[in-house]
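Participant: Quick one: this structure, given as C-alpha cells, is what I'll be asking you about.
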Number of protein chains: 2
Amino acid sequence: MPKVSLRSESIPDSPFRLLIPYAEAAKAKGIHVYHLNIGQPDIHTPAMAMESIRKVDAPVLEYGHALGNHSYRAKMCSYYKKFDVDVSQEDIIITQGASEALFFVLQACLNVGENVLVPEPFYANYSGFAGMGGIQIKPLTSYLETGFALPPIDVFEAAIDPKTRAIMINNPANPTGTVYPETVLHEIAALVRKYDLFLIVDEVYREFCFGDTPFYSALRLQGIEDHVVVVDSISKRYSACGARTGAVISRNANLMSIIGRYGQQRISPGFFGQVLGEALLDLEDQYFEKVKGEYNRRRMLVFQRLQQMAGVKSYLPEGAFYCFAELPVDDAFEFCKWLLSSFSTNKQTLMLSHGSAFYATKGLGKKEARIAYVLGEQALGAAMDCLEEALLVYPGRTA
Amino acid sequence: MPKVSLRSESIPDSPFRLLIPYAEAAKAKGIHVYHLNIGQPDIHTPAMAMESIRKVDAPVLEYGHALGNHSYRAKMCSYYKKFDVDVSQEDIIITQGASEALFFVLQACLNVGENVLVPEPFYANYSGFAGMGGIQIKPLTSYLETGFALPPIDVFEAAIDPKTRAIMINNPANPTGTVYPETVLHEIAALVRKYDLFLIVDEVYREFCFGDTPFYSALRLQGIEDHVVVVDSISKRYSACGARTGAVISRNANLMSIIGRYGQQRISPGFFGQVLGEALLDLEDQYFEKVKGEYNRRRMLVFQRLQQMAGVKSYLPEGAFYCFAELPVDDAFEFCKWLLSSFSTNKQTLMLSHGSAFYATKGLGKKEARIAYVLGEQALGAAMDCLEEALLVYPGRTA
C-alpha cells in the first residue's frame, strides 16, 4: 500500500470528534443533549435570503468569476462603510467560507517553516490551515484573569524571530468572546510596521459586540494598509454556515493578485452561496439589533449562572457568542466525556468543548471549557442547570 | 511592504486570462464572440435539480458533515453501480468541486519535492493544485497523431524515479477528448502495483463517451484497491459548474481518513451544492442519452469541419466535449489573440484556448488549440465558418 504524505500528519484530527460517539450514545439512551459545544447558531437564517435562492431562475448553473461575482463584491463595499471602512471592489475576493480565506491568506503570506504569532486560546482550525502549508503557529498565551485580553505588546515583540512573518488575531474572538480595543490594535499596528509583518484579522463576529468596547476593524488602521488582511464570512453573522461564503479583504494589490491566483485554481466560489450573501446585504439593520439582543440576554444568563457555581472562574465576555470558563474539575476533557457517558438529570445533559483543544501550548486549558451560547434562553438555562448539578457530583471535582 | 510567500510563485496565473481583455474589447466593438474556449457547458441544468433547491425549507442553513451528507453519499453508491463499481459510503467524501478533491488528494498522497506522472496535454489547473503543495508534475507527452493515446507503458516505467509517488490521468480527458481503454488501464495498474504508487484518476467526464472505447472506471481495477483514488464532480455531467460539488472515491481507508481530516478543516462542503447533487441522482437515464446525442452531433460537426480545413490536423475524439487540433499558424496563442483583436466576419469571431497552456514541457503545443464544443450545432457551425475563414487570412498562416 502506498504511504500517505508526511505533511498530512500536521493536519490535526478534530479534537472535538472524540466526544461525538459519546454524544450519540447518550442520545441513543434517550438523553437530551444540549449542544453548547459548537459554533452553529440556532438563530434562523433570514427568510428573505432563503427566498432569494428560491427566486434563482438560471437555465445553466455556470461557473462564476474566480474572485466572486462583481455585483456582490461591489455591494460589499457599502456594507463595510457601516464600520467606517473604505474599500473598493478590487480589495475584496469572495471565498468558500472563512476557511478557504484563511487557507489562501496563510499560503500567500508565509513560506514553509515560517511562523505566525497567534494569541491562544484560538480557533482550533487555524492549526490545520497553517499545517497544510508547513507554517508554524507561535502561540502567545492570554489568560482568563484578564478576560483573555491580548498579551502585552512587549510579549508580541519578544516573540518575533527571523522566521516571523505575520500576526493573526480573531476580533471578536472565538473561543473567548474577547473584543480587542482600538488602542491595542494601534499598538499591534506599530509593531507590524516596525517588523514589516502581515496583520491577519479574522473579523467574522464583528456584528456581535455587546460590551463597552466598540468593534474597531483592522481595515481602519492607517499607514499599514499593505500589511492588513481581513478574513470574513457570512456564516455566523446571518446564521448561514452551510452557504460556505466568506471573503478576503486587503488593500495590498500584490497580495490580492496572488490570492486571486489561488482563487483561479478552483475556478469560482459557489453560485448559491453568493446569491445568498448578496441578498443578505439588503437586510435591514433591525435584524442585527434583534439578534444582538437575543445573544446579549444569553451572554448575561451564562455569565450570571457561571458566577453562581462554586469553583467556576469566568468573566463577562464582550463579543461573539462564546464564553470560556475554568471548571473545578481534574480534567475538562474527561469531564466533557463524563457529562455524556455517565451523567444526566431529568434525562438531560450538555456537551461542551474542552479548553485544551484551543491551545497550541501543551498542558494549557486542561481545566477550561468553551461554552457556545447558541441555544435559546430556556434551553440555555436548562443546560446551565445540568452543568451546575454535574459539577457537584462529578467524581473528579476539585471544588 | 511585507513580501508574499515564495510558494505563491508556483501558483500559475491562468494562461487563459491573458486573452480575456481581447474578447471584451471585441464585444465592445459589437462583435459576437463564439466561446469555444471554456469547459462551461451550455446544456441546461436539469430543471428538477433547480426545483430541488426551491423546495429547501430549512430554518437554519447549518454546517453539514465534513465528509458530506450521509444521504447523498449513500445514494452515490447506487450511481457508481451503473458503471460496475462497487463502493460503500465510507469510500466517498464530498468536496467543493473536483478542484478541492484534486487539492486534497495531491496533498494527502505526495510530499514536497515528490512527483506525479501526468500525460500531457493535461487540464491546466493540475499544475496549480500540485504547486500549492510543492509537488512536481512530471509530464509524459502524448501526440495528436495517435489521438493523444496514453504513452506506451515503458515510457511510464522509464519516467518513474525515487521521488515518483503517483500517476494521474483524466479519463475521458480534457483537453483532448481521449478515452483510455481497459487494456491500457490494466497495464497502468500493473505498474502502479509494481512501484507501489497511487493511481489518481479524474473521471468527471465519464458519461461522455461516444466512440468505440467504452468507459472503464479505475475503481474496477482489481488488486490495486488501495492505490486507486478517483476524483469526481457534477459540474460537467449535469451542467452544474456553479454548484461546486465534487467527490473523492477510494477504498484506501487510511488515505480516506487523512482526506477526511483535510475536509474537517473547512468544516463542510456547501449545503445547496449537496442538495442539488443528491437530487440529480434521481434523474432518469434518458437525460444522458439526449445530452450525449447532442454532444455527439457537435463532435462530428467539429471533426468534419476541421477535416475540411486546409492544413488543420485533428482526429475524432472519443469522449468529453473537447477536441485538440494543430492549426496551420505560426503561433496558436498569437492566432487566438488575433481572432479577437483583428478578425471578424459578419461581425462574428471565435475564442479558442491555445494549446501550449496544456503542456508542462516548454515549447510544446505551440501550433495547437483546444476546441470546447459547448455551443449548439448552429452556433458551432458559425464558429467553424469563422475559423475556416480566419485561417485563410491570418497573417501568420503557414498552410
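Chain labels follow the order of the C-alpha cells: the first chain is A, the next B, and so on; residue numbering restarts at 1 in every chain, and ligands are counted from 1 in their shown order.
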Could you write out as a ChimeraX atom specification the residues of chain A within 7 Å of chain B, counting only C-alpha atoms?

Facilitator: /A:1-2,4-8,11-14,40,42-45,53-54,59-64,99,108-111,125,128,196-198,226-227,239-244,255,258,261-262,264-266,270-272

Participant: Least-squares superpose chain B onto chain A - every C-alpha atom, paired in order - and show me the moved coordinates as a short mmCIF file (atom, residue, chain, number, x, y, z; two decimals) with C-alpha atoms, in the first residue's frame.

Facilitator:
data_model
loop_
_atom_site.label_atom_id
_atom_site.label_comp_id
_atom_site.auth_asym_id
_atom_site.auth_seq_id
_atom_site.Cartn_x
_atom_site.Cartn_y
_atom_site.Cartn_z
CA MET B 1 0.00 0.00 0.05
CA PRO B 2 1.44 3.40 -0.91
CA LYS B 3 2.26 5.69 2.02
CA VAL B 4 0.37 8.91 2.55
CA SER B 5 2.32 12.15 2.68
CA LEU B 6 4.17 13.21 5.80
CA ARG B 7 2.57 16.64 5.65
CA SER B 8 -0.77 15.03 6.44
CA GLU B 9 0.51 14.39 9.95
CA SER B 10 0.39 18.12 10.58
CA ILE B 11 -3.32 18.20 9.70
CA PRO B 12 -4.87 17.59 13.09
CA ASP B 13 -7.81 15.29 13.56
CA SER B 14 -10.49 17.48 15.11
CA PRO B 15 -10.04 17.23 18.89
CA PHE B 16 -13.81 17.51 19.23
CA ARG B 17 -14.56 14.44 17.15
CA LEU B 18 -13.55 12.21 20.04
CA LEU B 19 -16.60 13.33 21.99
CA ILE B 20 -19.14 12.74 19.22
CA PRO B 21 -19.58 8.97 19.78
CA TYR B 22 -20.34 9.71 23.45
CA ALA B 23 -22.99 12.24 22.49
CA GLU B 24 -24.52 9.75 20.07
CA ALA B 25 -24.54 7.06 22.72
CA ALA B 26 -26.26 9.41 25.19
CA LYS B 27 -28.94 10.24 22.63
CA ALA B 28 -29.41 6.54 21.89
CA LYS B 29 -30.20 6.11 25.59
CA GLY B 30 -32.94 8.74 25.28
CA ILE B 31 -30.98 11.53 26.94
CA HIS B 32 -31.41 15.02 25.56
CA VAL B 33 -28.04 16.64 24.87
CA TYR B 34 -27.82 20.46 24.96
CA HIS B 35 -25.20 21.29 22.36
CA LEU B 36 -23.15 24.19 23.68
CA ASN B 37 -20.10 22.69 22.02
CA ILE B 38 -20.32 24.08 18.50
CA GLY B 39 -20.42 27.49 16.86
CA GLN B 40 -23.55 26.59 14.92
CA PRO B 41 -26.10 29.30 15.68
CA ASP B 42 -29.73 28.33 16.25
CA ILE B 43 -30.96 31.75 15.06
CA HIS B 44 -32.97 31.35 11.87
CA THR B 45 -31.31 32.22 8.59
CA PRO B 46 -33.16 35.36 7.40
CA ALA B 47 -36.18 34.25 5.37
CA MET B 48 -35.55 36.89 2.72
CA ALA B 49 -32.21 35.25 1.94
CA MET B 50 -33.71 31.79 1.59
CA GLU B 51 -36.34 33.40 -0.64
CA SER B 52 -33.58 34.83 -2.85
CA ILE B 53 -32.45 31.27 -3.50
CA ARG B 54 -35.96 30.20 -4.48
CA LYS B 55 -36.07 33.04 -7.00
CA VAL B 56 -32.98 31.84 -8.86
CA ASP B 57 -34.02 31.32 -12.45
CA ALA B 58 -30.77 30.47 -14.22
CA PRO B 59 -31.12 27.94 -17.04
CA VAL B 60 -27.48 26.92 -16.60
CA LEU B 61 -25.73 26.87 -13.23
CA GLU B 62 -22.49 28.35 -14.55
CA TYR B 63 -19.06 28.95 -13.09
CA GLY B 64 -18.81 32.42 -11.64
CA HIS B 65 -15.88 34.81 -11.57
CA ALA B 66 -12.83 33.42 -9.74
CA LEU B 67 -12.77 36.45 -7.42
CA GLY B 68 -16.53 36.35 -6.82
CA ASN B 69 -19.44 37.98 -8.60
CA HIS B 70 -18.88 41.66 -9.42
CA SER B 71 -22.32 42.67 -8.17
CA TYR B 72 -21.72 41.00 -4.81
CA ARG B 73 -18.26 42.47 -4.32
CA ALA B 74 -19.48 45.94 -5.29
CA LYS B 75 -22.32 45.76 -2.79
CA MET B 76 -20.00 44.58 -0.01
CA CYS B 77 -18.19 47.92 -0.17
CA SER B 78 -21.32 49.64 1.19
CA TYR B 79 -21.57 47.06 3.94
CA TYR B 80 -18.02 47.78 5.17
CA LYS B 81 -18.77 51.53 5.15
CA LYS B 82 -21.07 50.87 8.13
CA PHE B 83 -17.90 50.03 10.07
CA ASP B 84 -16.08 53.14 8.80
CA VAL B 85 -14.08 51.01 6.40
CA ASP B 86 -13.47 52.33 2.89
CA VAL B 87 -12.65 49.56 0.45
CA SER B 88 -13.23 49.10 -3.25
CA GLN B 89 -14.32 46.01 -5.12
CA GLU B 90 -10.69 45.29 -6.05
CA ASP B 91 -9.89 44.87 -2.36
CA ILE B 92 -12.41 42.02 -1.96
CA ILE B 93 -12.19 38.37 -3.02
CA ILE B 94 -15.10 36.03 -2.30
CA THR B 95 -14.13 32.64 -0.86
CA GLN B 96 -15.76 29.38 0.16
CA GLY B 97 -16.23 30.34 3.78
CA ALA B 98 -13.68 31.93 6.08
CA SER B 99 -11.98 28.52 5.88
CA GLU B 100 -10.83 28.98 2.31
CA ALA B 101 -9.99 32.62 3.04
CA LEU B 102 -7.72 31.60 5.94
CA PHE B 103 -6.08 28.92 3.83
CA PHE B 104 -5.41 31.26 0.90
CA VAL B 105 -4.12 34.06 3.12
CA LEU B 106 -1.73 31.90 5.12
CA GLN B 107 -0.36 30.21 1.98
CA ALA B 108 0.06 33.53 0.21
CA CYS B 109 1.79 35.25 3.14
CA LEU B 110 4.06 32.59 4.66
CA ASN B 111 6.65 30.11 3.44
CA VAL B 112 7.22 26.61 4.75
CA GLY B 113 8.94 26.87 8.15
CA GLU B 114 7.94 30.48 8.78
CA ASN B 115 5.68 31.39 11.68
CA VAL B 116 2.68 33.48 12.60
CA LEU B 117 2.06 34.83 16.11
CA VAL B 118 -1.39 33.92 17.37
CA PRO B 119 -2.79 34.64 20.83
CA GLU B 120 -4.07 31.46 22.46
CA PRO B 121 -6.62 30.06 23.09
CA PHE B 122 -7.56 30.35 19.38
CA TYR B 123 -9.98 28.85 16.85
CA ALA B 124 -8.74 25.28 16.60
CA ASN B 125 -8.82 25.06 12.79
CA TYR B 126 -6.13 27.75 12.45
CA SER B 127 -3.68 24.92 13.16
CA GLY B 128 -4.90 22.91 10.20
CA PHE B 129 -4.76 25.75 7.69
CA ALA B 130 -1.24 26.60 8.83
CA GLY B 131 -0.21 22.94 8.89
CA MET B 132 -1.31 22.42 5.28
CA GLY B 133 1.43 24.83 4.26
CA GLY B 134 4.11 23.80 6.73
CA ILE B 135 3.57 27.06 8.61
CA GLN B 136 4.17 27.21 12.37
CA ILE B 137 1.77 28.86 14.77
CA LYS B 138 3.68 30.55 17.57
CA PRO B 139 1.19 30.90 20.39
CA LEU B 140 1.16 33.82 22.84
CA THR B 141 -0.83 32.85 25.88
CA SER B 142 -3.67 35.04 27.11
CA TYR B 143 -5.35 34.48 30.46
CA LEU B 144 -8.79 34.09 31.91
CA GLU B 145 -7.91 36.50 34.74
CA THR B 146 -7.80 39.37 32.23
CA GLY B 147 -10.79 38.18 30.22
CA PHE B 148 -8.30 36.89 27.66
CA ALA B 149 -7.11 40.38 26.73
CA LEU B 150 -4.34 40.42 24.12
CA PRO B 151 -0.93 39.78 25.68
CA PRO B 152 1.04 43.00 26.29
CA ILE B 153 2.74 44.37 23.20
CA ASP B 154 6.23 43.62 24.55
CA VAL B 155 5.26 39.94 24.71
CA PHE B 156 4.42 40.12 20.99
CA GLU B 157 7.67 41.94 20.26
CA ALA B 158 9.77 39.46 22.24
CA ALA B 159 8.23 36.58 20.31
CA ILE B 160 9.16 37.92 16.89
CA ASP B 161 12.04 35.94 15.39
CA PRO B 162 13.63 35.99 11.92
CA LYS B 163 11.02 33.48 10.71
CA THR B 164 8.03 35.49 11.92
CA ARG B 165 6.02 36.87 9.02
CA ALA B 166 2.62 37.66 10.46
CA ILE B 167 0.42 38.29 13.47
CA MET B 168 -3.04 36.72 13.35
CA ILE B 169 -5.89 37.66 15.66
CA ASN B 170 -9.62 36.98 15.80
CA ASN B 171 -11.65 40.04 16.77
CA PRO B 172 -14.13 39.45 18.43
CA ALA B 173 -12.52 36.18 19.41
CA ASN B 174 -13.62 32.59 19.25
CA PRO B 175 -13.35 30.82 21.76
CA THR B 176 -13.15 33.59 24.36
CA GLY B 177 -15.62 36.27 23.27
CA THR B 178 -12.94 38.91 23.82
CA VAL B 179 -13.15 42.17 21.86
CA TYR B 180 -9.85 43.95 21.23
CA PRO B 181 -9.96 47.73 21.75
CA GLU B 182 -8.74 50.31 19.26
CA THR B 183 -5.79 51.33 21.44
CA VAL B 184 -4.43 47.79 21.45
CA LEU B 185 -4.88 47.50 17.69
CA HIS B 186 -2.82 50.66 17.24
CA GLU B 187 -0.02 49.10 19.28
CA ILE B 188 -0.16 45.99 17.10
CA ALA B 189 -0.14 48.21 14.02
CA ALA B 190 3.07 49.91 15.12
CA LEU B 191 4.72 46.54 15.65
CA VAL B 192 3.55 45.23 12.31
CA ARG B 193 5.06 48.24 10.59
CA LYS B 194 8.30 48.10 12.57
CA TYR B 195 8.95 44.45 11.67
CA ASP B 196 7.27 44.51 8.24
CA LEU B 197 4.75 41.80 9.12
CA PHE B 198 1.33 40.93 7.81
CA LEU B 199 -1.57 41.52 10.20
CA ILE B 200 -4.25 38.90 9.54
CA VAL B 201 -7.52 39.63 11.34
CA ASP B 202 -10.46 37.25 11.37
CA GLU B 203 -13.47 39.54 11.88
CA VAL B 204 -16.32 37.12 11.27
CA TYR B 205 -18.04 38.08 14.55
CA ARG B 206 -17.79 41.84 14.02
CA GLU B 207 -21.55 42.43 14.50
CA PHE B 208 -21.58 40.73 17.86
CA CYS B 209 -20.10 43.21 20.35
CA PHE B 210 -22.20 43.67 23.47
CA GLY B 211 -19.92 45.32 25.97
CA ASP B 212 -18.17 48.65 26.45
CA THR B 213 -15.52 48.02 23.82
CA PRO B 214 -16.76 49.06 20.37
CA PHE B 215 -15.65 46.97 17.42
CA TYR B 216 -12.73 48.51 15.56
CA SER B 217 -11.83 46.98 12.21
CA ALA B 218 -8.17 46.45 11.35
CA LEU B 219 -9.05 47.93 7.96
CA ARG B 220 -9.28 51.34 9.69
CA LEU B 221 -5.65 51.25 10.82
CA GLN B 222 -3.75 53.88 8.87
CA GLY B 223 -0.26 53.59 7.48
CA ILE B 224 -0.30 49.78 7.38
CA GLU B 225 -2.76 49.32 4.51
CA ASP B 226 -0.37 46.93 2.76
CA HIS B 227 0.01 44.81 5.88
CA VAL B 228 -3.62 44.25 6.83
CA VAL B 229 -5.60 41.28 5.55
CA VAL B 230 -9.09 40.70 6.92
CA VAL B 231 -10.92 37.37 6.78
CA ASP B 232 -14.69 37.47 6.71
CA SER B 233 -17.70 35.14 6.46
CA ILE B 234 -21.49 35.27 6.42
CA SER B 235 -21.73 32.05 8.46
CA LYS B 236 -22.12 33.45 11.97
CA ARG B 237 -23.39 36.90 11.08
CA TYR B 238 -26.51 35.62 9.33
CA SER B 239 -26.69 32.03 10.65
CA ALA B 240 -25.70 30.81 7.21
CA CYS B 241 -22.88 28.37 7.95
CA GLY B 242 -23.98 25.94 5.24
CA ALA B 243 -23.65 28.56 2.51
CA ARG B 244 -19.83 28.42 2.69
CA THR B 245 -19.43 32.06 1.74
CA GLY B 246 -16.57 34.13 3.02
CA ALA B 247 -14.14 36.77 1.82
CA VAL B 248 -10.61 38.14 1.98
CA ILE B 249 -10.28 41.92 2.20
CA SER B 250 -6.97 43.72 1.72
CA ARG B 251 -5.67 46.85 0.07
CA ASN B 252 -2.37 45.15 -0.76
CA ALA B 253 -2.84 44.80 -4.51
CA ASN B 254 0.10 42.45 -4.98
CA LEU B 255 -1.12 40.12 -2.25
CA MET B 256 -4.66 40.21 -3.66
CA SER B 257 -3.39 39.29 -7.12
CA ILE B 258 -1.66 36.25 -5.57
CA ILE B 259 -4.77 35.27 -3.63
CA GLY B 260 -6.73 35.74 -6.84
CA ARG B 261 -4.48 33.14 -8.45
CA TYR B 262 -5.28 30.66 -5.69
CA GLY B 263 -8.91 31.48 -6.43
CA GLN B 264 -8.45 30.80 -10.14
CA GLN B 265 -7.31 27.26 -9.43
CA ARG B 266 -10.73 26.31 -8.06
CA ILE B 267 -12.39 28.36 -10.82
CA SER B 268 -15.08 30.05 -8.72
CA PRO B 269 -16.79 30.11 -5.33
CA GLY B 270 -20.27 28.54 -5.15
CA PHE B 271 -23.17 30.11 -7.01
CA PHE B 272 -25.88 29.76 -4.37
CA GLY B 273 -23.71 30.96 -1.50
CA GLN B 274 -23.05 34.17 -3.40
CA VAL B 275 -26.71 34.71 -4.25
CA LEU B 276 -27.48 34.31 -0.57
CA GLY B 277 -24.63 36.56 0.53
CA GLU B 278 -25.63 39.31 -1.86
CA ALA B 279 -29.30 39.16 -0.84
CA LEU B 280 -28.33 39.41 2.83
CA LEU B 281 -26.71 42.78 2.23
CA ASP B 282 -30.24 44.16 1.82
CA LEU B 283 -31.22 43.01 5.29
CA GLU B 284 -32.50 45.87 7.44
CA ASP B 285 -30.30 46.88 10.41
CA GLN B 286 -33.12 45.99 12.81
CA TYR B 287 -32.27 42.35 12.18
CA PHE B 288 -28.94 42.69 13.98
CA GLU B 289 -30.46 44.66 16.80
CA LYS B 290 -32.87 41.82 17.42
CA VAL B 291 -30.24 39.11 17.09
CA LYS B 292 -27.77 41.04 19.22
CA GLY B 293 -30.43 41.49 21.88
CA GLU B 294 -31.03 37.77 21.89
CA TYR B 295 -27.33 36.87 22.14
CA ASN B 296 -26.79 39.52 24.79
CA ARG B 297 -29.53 38.05 27.01
CA ARG B 298 -27.92 34.65 26.63
CA ARG B 299 -24.49 36.08 27.41
CA MET B 300 -25.76 37.59 30.64
CA LEU B 301 -27.55 34.38 31.54
CA VAL B 302 -24.44 32.25 31.06
CA PHE B 303 -22.26 34.76 32.90
CA GLN B 304 -24.63 35.02 35.86
CA ARG B 305 -25.14 31.29 36.13
CA LEU B 306 -21.39 30.59 35.98
CA GLN B 307 -20.80 33.22 38.68
CA GLN B 308 -23.12 31.28 40.98
CA MET B 309 -21.39 27.94 40.52
CA ALA B 310 -18.88 27.13 43.23
CA GLY B 311 -15.34 26.89 41.98
CA VAL B 312 -16.09 28.10 38.43
CA LYS B 313 -13.95 30.99 37.22
CA SER B 314 -15.17 33.06 34.34
CA TYR B 315 -15.66 36.67 33.17
CA LEU B 316 -18.17 38.67 31.17
CA PRO B 317 -17.23 38.17 27.52
CA GLU B 318 -17.80 41.21 25.32
CA GLY B 319 -18.41 39.66 21.93
CA ALA B 320 -19.03 36.73 19.60
CA PHE B 321 -21.23 34.06 21.24
CA TYR B 322 -18.72 32.17 23.35
CA CYS B 323 -17.56 32.14 26.89
CA PHE B 324 -14.51 30.39 28.31
CA ALA B 325 -14.57 29.13 31.86
CA GLU B 326 -12.29 27.33 34.27
CA LEU B 327 -14.15 24.47 35.89
CA PRO B 328 -13.47 22.88 39.28
CA VAL B 329 -12.55 19.55 37.71
CA ASP B 330 -9.42 17.44 37.38
CA ASP B 331 -9.58 17.38 33.58
CA ALA B 332 -12.13 19.18 31.43
CA PHE B 333 -11.91 16.65 28.59
CA GLU B 334 -12.69 13.81 30.99
CA PHE B 335 -15.48 15.92 32.46
CA CYS B 336 -16.96 16.55 28.97
CA LYS B 337 -16.83 12.82 28.29
CA TRP B 338 -18.38 12.03 31.66
CA LEU B 339 -21.21 14.54 31.04
CA LEU B 340 -22.17 12.48 27.99
CA SER B 341 -21.41 8.97 29.19
CA SER B 342 -22.23 8.94 32.91
CA PHE B 343 -24.33 11.94 33.82
CA SER B 344 -27.90 13.02 33.27
CA THR B 345 -30.55 14.83 35.23
CA ASN B 346 -34.19 14.62 34.17
CA LYS B 347 -32.88 12.76 31.12
CA GLN B 348 -30.83 15.78 30.09
CA THR B 349 -27.16 16.62 29.83
CA LEU B 350 -24.96 19.06 27.96
CA MET B 351 -22.00 18.99 25.62
CA LEU B 352 -19.10 21.45 25.90
CA SER B 353 -15.79 21.83 24.08
CA HIS B 354 -12.77 21.10 26.23
CA GLY B 355 -10.38 24.02 26.54
CA SER B 356 -7.08 22.33 25.76
CA ALA B 357 -8.17 21.96 22.12
CA PHE B 358 -7.86 25.73 21.72
CA TYR B 359 -4.27 25.98 22.95
CA ALA B 360 -1.15 25.22 20.95
CA THR B 361 0.94 25.08 24.13
CA LYS B 362 0.73 21.60 25.57
CA GLY B 363 -0.75 21.37 29.04
CA LEU B 364 -2.74 24.60 28.93
CA GLY B 365 -6.53 24.76 29.18
CA LYS B 366 -6.78 21.45 30.95
CA LYS B 367 -9.47 22.68 33.35
CA GLU B 368 -11.15 25.01 30.88
CA ALA B 369 -14.12 24.66 28.56
CA ARG B 370 -15.78 26.72 25.87
CA ILE B 371 -19.47 27.41 26.14
CA ALA B 372 -21.20 28.46 22.90
CA TYR B 373 -24.48 30.18 23.71
CA VAL B 374 -26.21 29.05 20.57
CA LEU B 375 -29.45 27.95 22.24
CA GLY B 376 -32.46 29.99 23.35
CA GLU B 377 -32.66 31.22 26.93
CA GLN B 378 -34.89 28.43 28.16
CA ALA B 379 -32.69 25.65 26.78
CA LEU B 380 -29.59 27.53 27.86
CA GLY B 381 -30.97 27.82 31.41
CA ALA B 382 -31.72 24.10 31.46
CA ALA B 383 -28.20 23.38 30.20
CA MET B 384 -26.77 25.56 32.97
CA ASP B 385 -28.89 23.59 35.48
CA CYS B 386 -27.28 20.41 34.15
CA LEU B 387 -23.81 21.91 34.40
CA GLU B 388 -24.36 23.14 37.94
CA GLU B 389 -25.65 19.78 39.09
CA ALA B 390 -22.96 17.87 37.23
CA LEU B 391 -20.18 19.88 38.86
CA LEU B 392 -21.52 18.89 42.27
CA VAL B 393 -21.40 15.18 41.61
CA TYR B 394 -18.55 14.68 39.10
CA PRO B 395 -16.11 12.19 40.65
CA GLY B 396 -13.13 14.26 39.55
CA ARG B 397 -14.43 17.51 41.06
CA THR B 398 -11.92 19.70 42.86
CA ALA B 399 -14.16 22.36 44.45
#

Participant: As JSON, numbers by chain, please: all residues of region 154-362 of chain A that backbone DSSP puts in helix (DSSP H, G or I).

Facilitator: {"A": [154, 155, 156, 157, 158, 159, 182, 183, 184, 185, 186, 187, 188, 189, 190, 191, 192, 193, 194, 218, 219, 220, 241, 242, 243, 253, 254, 255, 256, 257, 258, 259, 260, 261, 262, 263, 264, 265, 271, 272, 273, 274, 275, 276, 277, 278, 279, 280, 286, 287, 288, 289, 290, 291, 292, 293, 294, 295, 296, 297, 298, 299, 300, 301, 302, 303, 304, 305, 306, 307, 332, 333, 334, 335, 336, 337, 338, 339, 340, 341, 355, 356, 357, 358]}
